[in-house]
file protein.cif (mmCIF, C-alpha atoms)
data_start
#
loop_
_atom_site.label_atom_id
_atom_site.label_comp_id
_atom_site.auth_asym_id
_atom_site.auth_seq_id
_atom_site.Cartn_x
_atom_site.Cartn_y
_atom_site.Cartn_z
CA LEU A 267 -16.18 42.85 -3.30
CA LEU A 268 -17.05 46.55 -3.23
CA THR A 269 -20.53 45.77 -1.92
CA TYR A 270 -19.06 43.54 0.80
CA LEU A 271 -16.60 46.25 1.91
CA LEU A 272 -19.34 48.86 2.02
CA THR A 273 -21.61 46.60 4.05
CA TYR A 274 -18.75 45.90 6.45
CA PHE A 275 -17.97 49.60 6.97
CA VAL A 276 -21.66 50.43 7.47
CA GLU A 277 -21.99 47.70 10.11
CA VAL A 278 -18.83 48.85 11.87
CA THR A 279 -20.07 52.47 11.84
CA GLU A 280 -23.44 51.46 13.29
CA GLU A 281 -21.75 49.46 16.05
CA LYS A 282 -19.42 52.37 16.84
CA GLU A 283 -22.40 54.75 17.08
CA LYS A 284 -23.98 52.46 19.66
CA MET A 285 -20.81 52.40 21.77
CA VAL A 286 -20.03 55.29 24.13
CA TYR A 287 -16.37 55.66 24.90
CA GLU A 288 -15.98 56.96 28.41
CA PHE A 289 -12.72 56.88 30.26
CA GLU A 290 -13.07 55.07 33.57
CA PRO A 291 -10.00 55.07 35.81
CA VAL A 292 -8.93 51.73 37.23
CA THR A 293 -9.52 51.36 40.96
CA ARG A 294 -6.23 51.52 42.83
CA PRO A 295 -5.46 49.06 45.62
CA ASP A 296 -5.92 50.36 49.13
CA PRO A 297 -2.70 51.91 50.41
CA VAL A 298 -0.74 49.87 52.88
CA ASP A 299 -0.22 51.57 56.23
CA LEU A 300 3.28 50.29 56.69
CA GLU A 301 3.88 52.07 60.01
CA GLU A 302 0.70 50.73 61.62
CA ASP A 303 1.29 47.17 60.37
CA GLU A 304 4.93 47.32 61.40
CA GLU A 305 3.85 48.36 64.91
CA GLU A 306 1.42 45.44 65.04
CA ILE A 307 4.04 43.02 63.75
CA GLY A 308 6.64 44.44 66.13
CA SER A 309 4.37 44.11 69.14
CA SER A 310 3.42 40.62 68.06
CA THR A 311 7.09 39.78 67.74
CA ALA A 312 7.87 41.08 71.20
CA GLU A 313 5.00 39.28 72.84
CA GLY A 314 5.31 36.25 70.61
CA ALA A 315 8.55 35.15 72.18
CA SER A 316 6.66 34.42 75.38
CA MET A 317 3.04 33.98 74.25
CA ILE A 318 2.70 32.80 70.64
CA ARG A 319 3.55 29.27 69.64
CA LEU A 320 2.99 27.92 66.15
CA LEU A 321 2.43 24.44 64.85
CA PHE A 322 3.95 23.25 61.56
CA LEU A 323 1.73 20.61 59.94
CA ASN A 324 3.09 18.50 57.10
CA VAL A 325 0.03 16.83 55.52
CA THR A 326 -0.05 14.29 52.70
CA VAL A 327 -3.44 13.31 51.25
CA ALA A 328 -2.63 9.96 49.65
CA SER A 329 -5.86 8.47 48.37
CA ALA A 330 -9.53 7.69 48.93
CA THR A 331 -10.77 4.12 48.64
CA THR A 332 -13.96 2.43 47.36
CA ASP A 333 -17.56 3.50 47.08
CA LEU A 334 -17.35 7.27 47.07
CA GLU A 335 -20.93 8.46 46.68
CA ASN A 336 -23.37 11.10 47.79
CA ALA A 337 -26.84 10.00 48.89
CA ASP A 338 -28.37 13.44 48.20
CA THR A 339 -27.18 13.85 44.61
CA GLU A 340 -27.15 10.12 43.80
CA ILE A 341 -23.63 10.27 42.35
CA VAL A 342 -22.61 6.65 41.86
CA ASP A 343 -20.58 5.83 38.79
CA LYS A 344 -19.02 9.12 37.67
CA ILE A 345 -17.37 11.67 39.91
CA ASP A 346 -14.46 14.12 39.65
CA PRO A 347 -13.14 14.07 43.24
CA TYR A 348 -10.82 16.43 45.08
CA CYS A 349 -10.07 16.87 48.80
CA GLU A 350 -10.19 20.06 50.88
CA VAL A 351 -7.95 20.17 53.95
CA THR A 352 -8.64 22.81 56.62
CA ALA A 353 -6.48 23.59 59.64
CA GLY A 354 -6.56 26.73 61.79
CA GLY A 355 -8.88 28.50 59.31
CA ILE A 356 -6.54 27.82 56.40
CA THR A 357 -7.86 25.62 53.55
CA GLN A 358 -5.87 23.91 50.80
CA LYS A 359 -7.06 21.61 48.01
CA THR A 360 -5.73 18.65 46.10
CA GLU A 361 -5.93 18.41 42.31
CA ILE A 362 -9.19 17.29 40.66
CA LEU A 363 -9.19 13.78 39.23
CA GLN A 364 -11.59 13.02 36.38
CA ASN A 365 -14.12 10.19 36.71
CA ASP A 366 -12.39 8.25 39.49
CA LEU A 367 -14.16 6.39 42.32
CA ASN A 368 -10.84 5.45 43.95
CA PRO A 369 -8.70 8.57 43.53
CA VAL A 370 -4.97 8.66 44.29
CA TRP A 371 -3.75 12.23 44.85
CA ASP A 372 -0.47 11.94 46.78
CA SER A 373 -0.83 15.67 47.45
CA LYS A 374 1.54 17.33 49.96
CA MET A 375 0.48 20.42 51.96
CA HIS A 376 2.09 22.56 54.65
CA PHE A 377 0.31 24.59 57.34
CA PHE A 378 1.58 27.15 59.90
CA VAL A 379 -1.20 27.41 62.48
CA ALA A 380 -1.62 28.58 66.06
CA GLU A 381 -0.87 26.12 68.82
CA TYR A 382 -4.48 26.06 69.97
CA THR A 383 -5.56 24.43 66.66
CA ASP A 384 -6.96 21.09 67.80
CA LYS A 385 -8.04 19.33 64.58
CA ILE A 386 -7.61 18.97 60.84
CA THR A 387 -10.75 18.61 58.71
CA PHE A 388 -10.74 16.59 55.48
CA GLN A 389 -13.67 17.11 53.06
CA VAL A 390 -13.84 15.02 49.84
CA MET A 391 -15.83 16.89 47.15
CA ASN A 392 -17.10 16.23 43.63
CA ASP A 393 -16.13 18.96 41.16
CA ASP A 394 -19.18 20.33 39.36
CA LYS A 395 -19.57 23.40 37.18
CA LYS A 396 -22.71 24.51 39.01
CA ASP A 397 -22.24 23.39 42.60
CA ASP A 398 -19.60 21.08 44.08
CA ALA A 399 -21.20 18.22 46.00
CA PRO A 400 -19.76 16.68 49.22
CA LEU A 401 -18.77 13.01 49.03
CA GLY A 402 -17.45 12.41 52.54
CA LYS A 403 -15.97 14.20 55.56
CA THR A 404 -13.62 13.26 58.38
CA GLU A 405 -11.49 14.92 61.10
CA LEU A 406 -8.16 14.18 62.72
CA ASP A 407 -7.65 15.18 66.38
CA LEU A 408 -4.30 16.95 66.90
CA THR A 409 -4.29 16.83 70.72
CA SER A 410 -2.08 13.78 71.07
CA LEU A 411 0.10 14.77 68.10
CA LYS A 412 0.80 18.26 69.50
CA ASP A 413 1.98 16.92 72.85
CA MET A 414 4.69 14.71 71.38
CA ASP A 415 5.42 16.16 67.94
CA GLY A 416 3.80 13.01 66.64
CA THR A 417 2.96 11.48 63.30
CA PHE A 418 -0.23 9.87 62.04
CA HIS A 419 -0.29 7.54 59.08
CA GLY A 420 -3.39 5.52 58.25
CA GLU A 421 -6.99 5.51 57.08
CA LEU A 422 -9.86 7.69 58.30
CA ASN A 423 -13.50 6.74 57.82
CA LEU A 424 -15.44 9.21 55.65
CA ASP A 425 -18.80 10.26 57.07
CA GLY A 426 -21.38 10.27 54.27
CA ALA A 427 -19.71 7.50 52.26
CA SER A 428 -20.84 4.05 53.35
CA ASN A 429 -17.50 2.32 52.84
CA GLY A 430 -15.33 5.32 51.97
CA LYS A 431 -11.94 5.77 53.58
CA LEU A 432 -9.26 8.43 53.31
CA ASN A 433 -5.57 7.53 53.51
CA VAL A 434 -3.50 10.40 55.00
CA HIS A 435 -0.09 11.11 56.53
CA VAL A 436 0.26 13.96 59.06
CA GLU A 437 3.36 15.22 60.84
CA CYS A 438 2.98 17.79 63.64
CA HIS A 439 5.88 19.92 64.92
CA LYS A 440 5.84 22.70 67.53
CA LEU A 441 7.87 25.77 66.66
CA LYS A 442 9.92 27.36 69.43
CA PRO A 443 9.43 31.07 70.29
CA VAL A 444 12.75 31.94 68.64
CA GLU A 445 11.65 30.23 65.46
CA THR A 446 8.36 32.09 65.66
CA GLU A 447 10.15 35.41 65.99
CA LYS A 448 12.34 34.60 62.99
CA LYS A 449 9.31 33.72 60.95
CA LEU A 450 7.65 37.00 61.95
CA GLU A 451 10.77 38.86 60.84
CA ARG A 452 10.58 37.09 57.48
CA LEU A 453 6.92 38.04 57.27
CA GLN A 454 7.85 41.67 57.95
CA ILE A 455 10.37 41.58 55.10
CA GLN A 456 7.77 40.00 52.84
CA PHE A 457 5.31 42.71 53.90
CA ALA A 458 7.80 45.41 52.88
CA LYS A 459 8.25 43.72 49.49
CA LYS A 460 4.48 43.65 49.07
CA CYS A 461 4.36 47.40 49.72
CA GLU A 462 7.03 47.93 47.07
CA GLU A 463 5.13 45.73 44.63
CA GLN A 464 1.98 47.72 45.36
CA GLY A 465 3.78 50.95 44.46
CA GLU A 466 5.01 49.45 41.21
CA THR A 467 1.46 48.24 40.47
CA VAL A 468 0.04 51.75 40.97
CA ALA A 469 2.72 53.20 38.67
CA ALA A 470 1.93 50.59 36.03
CA LEU A 471 -1.78 51.42 36.32
CA ASP A 472 -1.04 55.13 35.85
CA GLU A 473 0.95 54.36 32.71
CA SER A 474 -1.75 52.04 31.36
CA GLU A 475 -4.42 54.72 31.92
CA GLY A 476 -2.39 57.16 29.84
CA LEU A 477 -2.16 54.59 27.09
CA ARG A 478 -5.91 53.95 27.31
CA LYS A 479 -6.66 57.69 26.93
CA LEU A 480 -4.40 57.85 23.88
CA ALA A 481 -6.01 54.72 22.42
CA LEU A 482 -9.51 56.21 22.85
CA GLU A 483 -8.46 59.42 21.08
CA MET A 484 -6.95 57.43 18.20
CA LEU A 485 -10.12 55.32 18.04
CA SER A 486 -12.26 58.46 17.69
CA LEU A 487 -10.07 59.67 14.80
CA LYS A 488 -10.33 56.26 13.15
CA GLU A 489 -14.13 56.40 13.47
CA GLU A 490 -14.20 59.74 11.64
CA GLU A 491 -11.98 58.28 8.90
CA LEU A 492 -14.27 55.26 8.65
CA GLY A 493 -17.32 57.50 8.29
CA THR A 494 -15.67 59.43 5.44
CA LYS A 495 -14.61 56.24 3.72
CA ALA A 496 -18.11 54.81 4.14
CA GLN A 497 -19.59 57.90 2.41
CA GLU A 498 -17.07 57.62 -0.44
CA LEU A 499 -17.79 53.94 -0.79
CA SER A 500 -21.54 54.64 -0.86
CA GLU A 501 -21.08 57.05 -3.79
CA GLN A 502 -18.81 54.58 -5.55
CA GLN A 503 -21.41 51.87 -5.01
CA GLU A 504 -24.10 53.94 -6.77
CA LEU A 505 -21.82 54.44 -9.78
CA TYR A 506 -20.90 50.80 -9.65
CA GLN A 507 -24.57 49.74 -9.54
CA GLN A 508 -25.36 51.89 -12.61
CA ASP A 509 -22.43 50.42 -14.50
CA VAL A 510 -23.40 46.91 -13.46
CA THR A 511 -27.03 47.49 -14.59
CA GLU A 512 -25.91 48.68 -18.04
CA LYS A 513 -23.53 45.77 -18.42
CA LEU A 514 -26.25 43.38 -17.25
CA LEU A 515 -28.70 44.62 -19.92
CA LYS A 516 -26.01 44.36 -22.58
CA TYR A 517 -25.13 40.91 -21.35
CA GLN A 518 -28.79 39.85 -21.55
CA ASP A 519 -29.01 41.03 -25.19
CA GLN A 520 -25.82 39.19 -26.04
CA THR A 521 -27.15 36.14 -24.25
CA GLN A 522 -30.32 36.12 -26.33
CA GLU A 523 -28.31 36.44 -29.55
CA MET A 524 -26.04 33.63 -28.44
CA GLU A 525 -29.05 31.46 -27.55
CA SER A 526 -30.53 32.06 -31.04
CA THR A 527 -27.21 31.23 -32.67
CA VAL A 528 -26.88 28.14 -30.54
CA GLN A 529 -30.38 27.03 -31.55
CA GLN A 530 -29.49 27.44 -35.24
CA LEU A 531 -26.31 25.51 -34.68
CA GLU A 532 -28.28 22.76 -32.97
CA GLU A 533 -30.67 22.57 -35.92
CA SER A 534 -27.73 22.49 -38.35
CA LYS A 535 -26.12 19.74 -36.31
CA LEU A 536 -29.41 17.80 -36.45
CA LEU A 537 -29.58 18.10 -40.27
CA VAL A 538 -25.93 17.12 -40.61
CA SER A 539 -26.59 14.17 -38.32
CA GLU A 540 -29.52 13.04 -40.49
CA MET A 541 -27.42 13.43 -43.66
CA GLU A 542 -24.61 11.50 -42.07
CA GLN A 543 -27.07 8.77 -41.13
CA LYS A 544 -28.42 8.55 -44.71
CA LYS A 545 -24.89 8.59 -46.09
CA ASN A 546 -23.98 5.75 -43.78
CA GLU A 547 -27.05 3.80 -44.90
CA VAL A 548 -26.15 4.30 -48.62
CA GLU A 549 -22.54 3.36 -47.98
CA THR A 550 -23.73 0.26 -46.13
CA LYS A 551 -25.97 -0.78 -49.07
CA LEU A 552 -23.16 -0.14 -51.58
CA ARG A 553 -20.77 -2.11 -49.44
CA ASP A 554 -23.29 -4.97 -49.21
CA ALA A 555 -23.82 -4.85 -53.02
CA GLU A 556 -20.10 -4.86 -53.68
CA GLU A 557 -19.68 -7.79 -51.33
CA GLU A 558 -22.55 -9.62 -53.11
CA MET A 559 -21.00 -8.88 -56.51
CA ALA A 560 -17.65 -10.07 -55.27
CA ARG A 561 -19.25 -13.27 -54.01
CA SER A 562 -21.09 -13.75 -57.39
CA LYS A 563 -17.91 -13.09 -59.32
CA GLU A 564 -16.05 -15.56 -57.16
CA ALA A 565 -18.82 -18.16 -57.70
CA LEU A 566 -18.76 -17.50 -61.49
CA THR A 567 -15.01 -17.84 -61.54
CA THR A 568 -15.35 -21.11 -59.68
CA LYS A 569 -18.00 -22.35 -62.19
CA GLU A 570 -15.84 -21.35 -65.16
CA LYS A 571 -12.93 -23.19 -63.67
CA GLU A 572 -15.10 -26.23 -63.05
CA MET A 573 -16.38 -26.10 -66.68
CA GLU A 574 -12.87 -25.78 -68.03
CA ASP A 575 -11.87 -28.75 -65.93
CA ILE A 576 -14.85 -30.75 -67.22
CA ILE A 577 -14.19 -29.77 -70.88
CA GLN A 578 -10.54 -30.62 -70.49
CA GLN A 579 -11.51 -33.94 -68.97
CA LYS A 580 -14.02 -34.64 -71.80
CA MET A 581 -11.46 -33.72 -74.44
CA GLU A 582 -8.92 -35.98 -72.85
CA GLU A 583 -11.51 -38.76 -72.74
CA ALA A 584 -12.46 -38.15 -76.43
CA GLU A 585 -8.82 -38.18 -77.49
CA THR A 586 -8.30 -41.37 -75.54
CA ALA A 587 -11.36 -42.91 -77.25
CA HIS A 588 -10.12 -41.73 -80.70
CA LEU A 589 -6.78 -43.34 -80.12
CA GLN A 590 -8.52 -46.52 -79.05
CA VAL A 591 -10.69 -46.41 -82.21
CA GLU A 592 -7.66 -45.86 -84.45
CA LYS A 593 -5.90 -48.71 -82.70
CA ARG A 594 -8.97 -50.89 -83.19
CA ILE A 595 -9.11 -49.96 -86.86
CA GLU A 596 -5.48 -50.83 -87.26
CA GLU A 597 -6.15 -54.13 -85.55
CA LEU A 598 -9.13 -54.75 -87.84
CA GLU A 599 -7.03 -53.81 -90.89
CA ALA A 600 -4.40 -56.26 -89.75
CA ILE A 601 -7.05 -58.95 -89.27
CA ARG A 602 -8.52 -58.13 -92.70
CA ALA A 603 -5.09 -58.33 -94.29
CA GLU A 604 -4.52 -61.64 -92.64
CA LEU A 605 -7.88 -62.86 -93.83
CA GLU A 606 -7.23 -61.66 -97.35
CA GLN A 607 -3.86 -63.35 -97.28
CA ASP A 608 -5.43 -66.44 -95.96
CA ILE A 609 -8.10 -66.34 -98.63
CA LYS A 610 -5.53 -65.83 -101.33
CA THR A 611 -3.58 -68.74 -99.97
CA LYS A 612 -6.64 -70.89 -99.95
CA GLU A 613 -7.58 -69.82 -103.48
CA GLN A 614 -4.17 -70.71 -104.69
CA VAL A 615 -4.50 -74.02 -103.07
CA ILE A 616 -7.82 -74.51 -104.61
CA HIS A 617 -6.60 -73.40 -108.05
CA SER A 618 -3.69 -75.69 -107.81
CA GLN A 619 -5.86 -78.65 -107.21
#
call {"tool": "encode", "arguments": {"input": "protein.cif", "output": "structure tokens"}}
result
Amino acid sequence: LLTYLLTYFVEVTEEKEKMVYEFEPVTRPDPVDLEEDEEEIGSSTAEGASMIRLLFLNVTVASATTDLENADTEIVDKIDPYCEVTAGGITQKTEILQNDLNPVWDSKMHFFVAEYTDKITFQVMNDDKKDDAPLGKTELDLTSLKDMDGTFHGELNLDGASNGKLNVHVECHKLKPVETEKKLERLQIQFAKKCEEQGETVAALDESEGLRKLALEMLSLKEEELGTKAQELSEQQELYQQDVTEKLLKYQDQTQEMESTVQQLEESKLLVSEMEQKKNEVETKLRDAEEEMARSKEALTTKEKEMEDIIQQKMEEAETAHLQVEKRIEELEAIRAELEQDIKTKEQVIHSQ
């Protein structure tokens, strides 16, 4: 930030050294010779009642229609048209319409011109930053309109535009000498107001020049202050650069130490990772062995249970066979007893015979 401020003040100081502050008074407007102009207006007023007649022209430029173009500049599809209206050396303009081949202005204008004015000229132009180009021109003859305070409303062919037409409305009124004199009186009053405004303008310029002188003096003082501050900032920058250099060297040493420590930590992390991997492998093998032992134990338990079931079944079968043998013996003993009894019976029979 300090470096930026110093650079800024140095640049400002250099620019100020290049600039030369010289006080140049503002050119005053030419004084108005009120007495001379009043004499001219007065004489015009006196003679005007019998000699000067004015025409009041109320002009409305409505629109232009179809195919506005300029053969010289080859403007065909994009124009920004406006219309200039000139009467008695006075020219007024309509607004400028953007990119319009069939513009509609509906622009109203008013002209006070001398009675000998015999025509109104209409010039359609294309607005251009470098040079406005003409699109078409036409004129309206005022001879017949002046004689009867007439009105014209219609279309005028535009010379220079193949099919271009201009739609206008013109009203022409003659002003009587009395009306002319009244208008000249109003102009005289307006002239006096202009003189008053001119005096006020000169006074305002005098005041502004005083302010400009004061501003230039203050600017010179500020330049001296800026130079002093720039020198102080330059000295502070040298001290700041020394401090920054020392801190930078210290920072570099600390950075190297930190990089070494980080490398050791990375190596330690790598060893720990390898140990963790081996530990996981051992734990996996132990877990697999335990699962295998559990499965073997479960199989052995199943075999023992099956053997017990078989032994129990064999014992039950042996006991059943023993009972059957004992029963058979008893049956044989019974048969033997019967046979012995039968034999004894037969012996007795035999002995008795």
call {"tool": "atom_distance", "arguments": {"input": "protein.cif", "atom1": "atom CA of Asp346 of chain A", "atom2": "atom CA of Thr331 of chain A"}}
result
13.9 Å
call {"tool": "closest_residue", "arguments": {"input": "protein.cif", "among": "A:Lys385, A:Arg553, A:Lys442, A:Lys403", "to": "Asp425 of chain A", "atoms": "all atoms listed in the file"}}
result
A:Lys403
call {"tool": "closest_residue", "arguments": {"input": "protein.cif", "among": "A:Pro369, A:Gly476, A:Gly355, A:Pro400", "to": "Thr383 of chain A", "atoms": "all atoms listed in the file"}}
result
A:Gly355
call {"tool": "atom_distance", "arguments": {"input": "protein.cif", "atom1": "atom CA of Asn429 of chain A", "atom2": "atom CA of Ala330 of chain A"}}
result
10.4 Å
call {"tool": "atom_distance", "arguments": {"input": "protein.cif", "atom1": "atom CA of Glu381 of chain A", "atom2": "atom CA of Glu421 of chain A"}}
result
24.5 Å
call {"tool": "residues_near_point", "arguments": {"input": "protein.cif", "point": "(-9.1, 5.2, 36.6)", "cutoff": "12 Å", "atoms": "all atoms listed in the file", "output": "list in words"}}
result
Asp343, Lys344, Ile345, Asp346, Pro347, Leu363, Gln364, Asn365, Asp366, Leu367, Asn368, Pro369 and Val370 of chain A
call {"tool": "decode", "arguments": {"input": "protein.cif", "residues": "segment 521-532 of chain A", "atoms": "all heavy atoms", "output": "PDB file, in the first residue's frame"}}
result
ATOM      1  N   THR A 521      11.095 -20.787   6.218  1.00  0.00           N
ATOM      2  CA  THR A 521      10.454 -21.626   5.208  1.00  0.00           C
ATOM      3  C   THR A 521      11.251 -22.895   4.955  1.00  0.00           C
ATOM      4  O   THR A 521      10.685 -23.987   4.833  1.00  0.00           O
ATOM      5  CB  THR A 521      10.307 -20.834   3.889  1.00  0.00           C
ATOM      6  OG1 THR A 521       9.547 -19.660   4.125  1.00  0.00           O
ATOM      7  CG2 THR A 521       9.612 -21.672   2.833  1.00  0.00           C
ATOM      8  N   GLN A 522      12.579 -22.756   4.909  1.00  0.00           N
ATOM      9  CA  GLN A 522      13.417 -23.937   4.711  1.00  0.00           C
ATOM     10  C   GLN A 522      13.272 -24.915   5.872  1.00  0.00           C
ATOM     11  O   GLN A 522      13.182 -26.135   5.676  1.00  0.00           O
ATOM     12  CB  GLN A 522      14.881 -23.508   4.545  1.00  0.00           C
ATOM     13  CG  GLN A 522      15.156 -22.757   3.238  1.00  0.00           C
ATOM     14  CD  GLN A 522      16.588 -22.300   3.125  1.00  0.00           C
ATOM     15  OE1 GLN A 522      17.376 -22.452   4.080  1.00  0.00           O
ATOM     16  NE2 GLN A 522      16.951 -21.739   1.974  1.00  0.00           N
ATOM     17  N   GLU A 523      13.296 -24.360   7.115  1.00  0.00           N
ATOM     18  CA  GLU A 523      13.109 -25.232   8.281  1.00  0.00           C
ATOM     19  C   GLU A 523      11.760 -25.944   8.222  1.00  0.00           C
ATOM     20  O   GLU A 523      11.653 -27.144   8.506  1.00  0.00           O
ATOM     21  CB  GLU A 523      13.226 -24.410   9.566  1.00  0.00           C
ATOM     22  CG  GLU A 523      14.623 -23.852   9.805  1.00  0.00           C
ATOM     23  CD  GLU A 523      14.666 -22.990  11.052  1.00  0.00           C
ATOM     24  OE1 GLU A 523      13.610 -22.839  11.691  1.00  0.00           O
ATOM     25  OE2 GLU A 523      15.758 -22.470  11.381  1.00  0.00           O
ATOM     26  N   MET A 524      10.737 -25.187   7.869  1.00  0.00           N
ATOM     27  CA  MET A 524       9.405 -25.787   7.786  1.00  0.00           C
ATOM     28  C   MET A 524       9.353 -26.857   6.699  1.00  0.00           C
ATOM     29  O   MET A 524       8.729 -27.905   6.877  1.00  0.00           O
ATOM     30  CB  MET A 524       8.373 -24.697   7.505  1.00  0.00           C
ATOM     31  CG  MET A 524       8.153 -23.745   8.661  1.00  0.00           C
ATOM     32  SD  MET A 524       6.987 -22.433   8.261  1.00  0.00           S
ATOM     33  CE  MET A 524       5.504 -23.396   8.030  1.00  0.00           C
ATOM     34  N   GLU A 525      10.040 -26.604   5.567  1.00  0.00           N
ATOM     35  CA  GLU A 525      10.050 -27.606   4.500  1.00  0.00           C
ATOM     36  C   GLU A 525      10.742 -28.885   4.949  1.00  0.00           C
ATOM     37  O   GLU A 525      10.292 -29.996   4.651  1.00  0.00           O
ATOM     38  CB  GLU A 525      10.750 -27.043   3.269  1.00  0.00           C
ATOM     39  CG  GLU A 525       9.939 -25.963   2.544  1.00  0.00           C
ATOM     40  CD  GLU A 525      10.679 -25.382   1.365  1.00  0.00           C
ATOM     41  OE1 GLU A 525      11.892 -25.714   1.218  1.00  0.00           O
ATOM     42  OE2 GLU A 525      10.077 -24.596   0.601  1.00  0.00           O
ATOM     43  N   SER A 526      11.877 -28.731   5.719  1.00  0.00           N
ATOM     44  CA  SER A 526      12.561 -29.913   6.247  1.00  0.00           C
ATOM     45  C   SER A 526      11.673 -30.678   7.208  1.00  0.00           C
ATOM     46  O   SER A 526      11.584 -31.910   7.170  1.00  0.00           O
ATOM     47  CB  SER A 526      13.859 -29.481   6.941  1.00  0.00           C
ATOM     48  OG  SER A 526      14.508 -30.599   7.508  1.00  0.00           O
ATOM     49  N   THR A 527      11.017 -29.931   8.098  1.00  0.00           N
ATOM     50  CA  THR A 527      10.115 -30.575   9.058  1.00  0.00           C
ATOM     51  C   THR A 527       8.966 -31.273   8.342  1.00  0.00           C
ATOM     52  O   THR A 527       8.571 -32.396   8.698  1.00  0.00           O
ATOM     53  CB  THR A 527       9.553 -29.519  10.027  1.00  0.00           C
ATOM     54  OG1 THR A 527      10.632 -28.846  10.660  1.00  0.00           O
ATOM     55  CG2 THR A 527       8.671 -30.170  11.085  1.00  0.00           C
ATOM     56  N   VAL A 528       8.470 -30.626   7.323  1.00  0.00           N
ATOM     57  CA  VAL A 528       7.361 -31.230   6.572  1.00  0.00           C
ATOM     58  C   VAL A 528       7.818 -32.507   5.890  1.00  0.00           C
ATOM     59  O   VAL A 528       7.091 -33.504   5.844  1.00  0.00           O
ATOM     60  CB  VAL A 528       6.824 -30.219   5.531  1.00  0.00           C
ATOM     61  CG1 VAL A 528       5.890 -30.906   4.554  1.00  0.00           C
ATOM     62  CG2 VAL A 528       6.101 -29.084   6.227  1.00  0.00           C
ATOM     63  N   GLN A 529       9.065 -32.500   5.363  1.00  0.00           N
ATOM     64  CA  GLN A 529       9.582 -33.704   4.716  1.00  0.00           C
ATOM     65  C   GLN A 529       9.693 -34.857   5.708  1.00  0.00           C
ATOM     66  O   GLN A 529       9.343 -36.003   5.408  1.00  0.00           O
ATOM     67  CB  GLN A 529      10.940 -33.396   4.085  1.00  0.00           C
ATOM     68  CG  GLN A 529      11.513 -34.559   3.270  1.00  0.00           C
ATOM     69  CD  GLN A 529      12.794 -34.193   2.593  1.00  0.00           C
ATOM     70  OE1 GLN A 529      13.279 -33.075   2.742  1.00  0.00           O
ATOM     71  NE2 GLN A 529      13.366 -35.131   1.854  1.00  0.00           N
ATOM     72  N   GLN A 530      10.214 -34.532   6.934  1.00  0.00           N
ATOM     73  CA  GLN A 530      10.299 -35.569   7.970  1.00  0.00           C
ATOM     74  C   GLN A 530       8.920 -36.094   8.336  1.00  0.00           C
ATOM     75  O   GLN A 530       8.724 -37.297   8.523  1.00  0.00           O
ATOM     76  CB  GLN A 530      11.002 -35.009   9.210  1.00  0.00           C
ATOM     77  CG  GLN A 530      12.466 -34.657   8.980  1.00  0.00           C
ATOM     78  CD  GLN A 530      13.098 -34.015  10.192  1.00  0.00           C
ATOM     79  OE1 GLN A 530      12.445 -33.844  11.225  1.00  0.00           O
ATOM     80  NE2 GLN A 530      14.394 -33.679  10.083  1.00  0.00           N
ATOM     81  N   LEU A 531       7.983 -35.177   8.431  1.00  0.00           N
ATOM     82  CA  LEU A 531       6.618 -35.604   8.748  1.00  0.00           C
ATOM     83  C   LEU A 531       6.067 -36.506   7.651  1.00  0.00           C
ATOM     84  O   LEU A 531       5.368 -37.493   7.939  1.00  0.00           O
ATOM     85  CB  LEU A 531       5.715 -34.382   8.942  1.00  0.00           C
ATOM     86  CG  LEU A 531       5.935 -33.569  10.218  1.00  0.00           C
ATOM     87  CD1 LEU A 531       5.077 -32.313  10.188  1.00  0.00           C
ATOM     88  CD2 LEU A 531       5.574 -34.412  11.448  1.00  0.00           C
ATOM     89  N   GLU A 532       6.373 -36.151   6.396  1.00  0.00           N
ATOM     90  CA  GLU A 532       5.894 -36.974   5.293  1.00  0.00           C
ATOM     91  C   GLU A 532       6.497 -38.374   5.352  1.00  0.00           C
ATOM     92  O   GLU A 532       5.804 -39.378   5.128  1.00  0.00           O
ATOM     93  CB  GLU A 532       6.244 -36.310   3.955  1.00  0.00           C
ATOM     94  CG  GLU A 532       5.488 -35.031   3.665  1.00  0.00           C
ATOM     95  CD  GLU A 532       4.009 -35.272   3.473  1.00  0.00           C
ATOM     96  OE1 GLU A 532       3.636 -36.389   3.082  1.00  0.00           O
ATOM     97  OE2 GLU A 532       3.223 -34.343   3.716  1.00  0.00           O
TER      98      GLU A 532
END
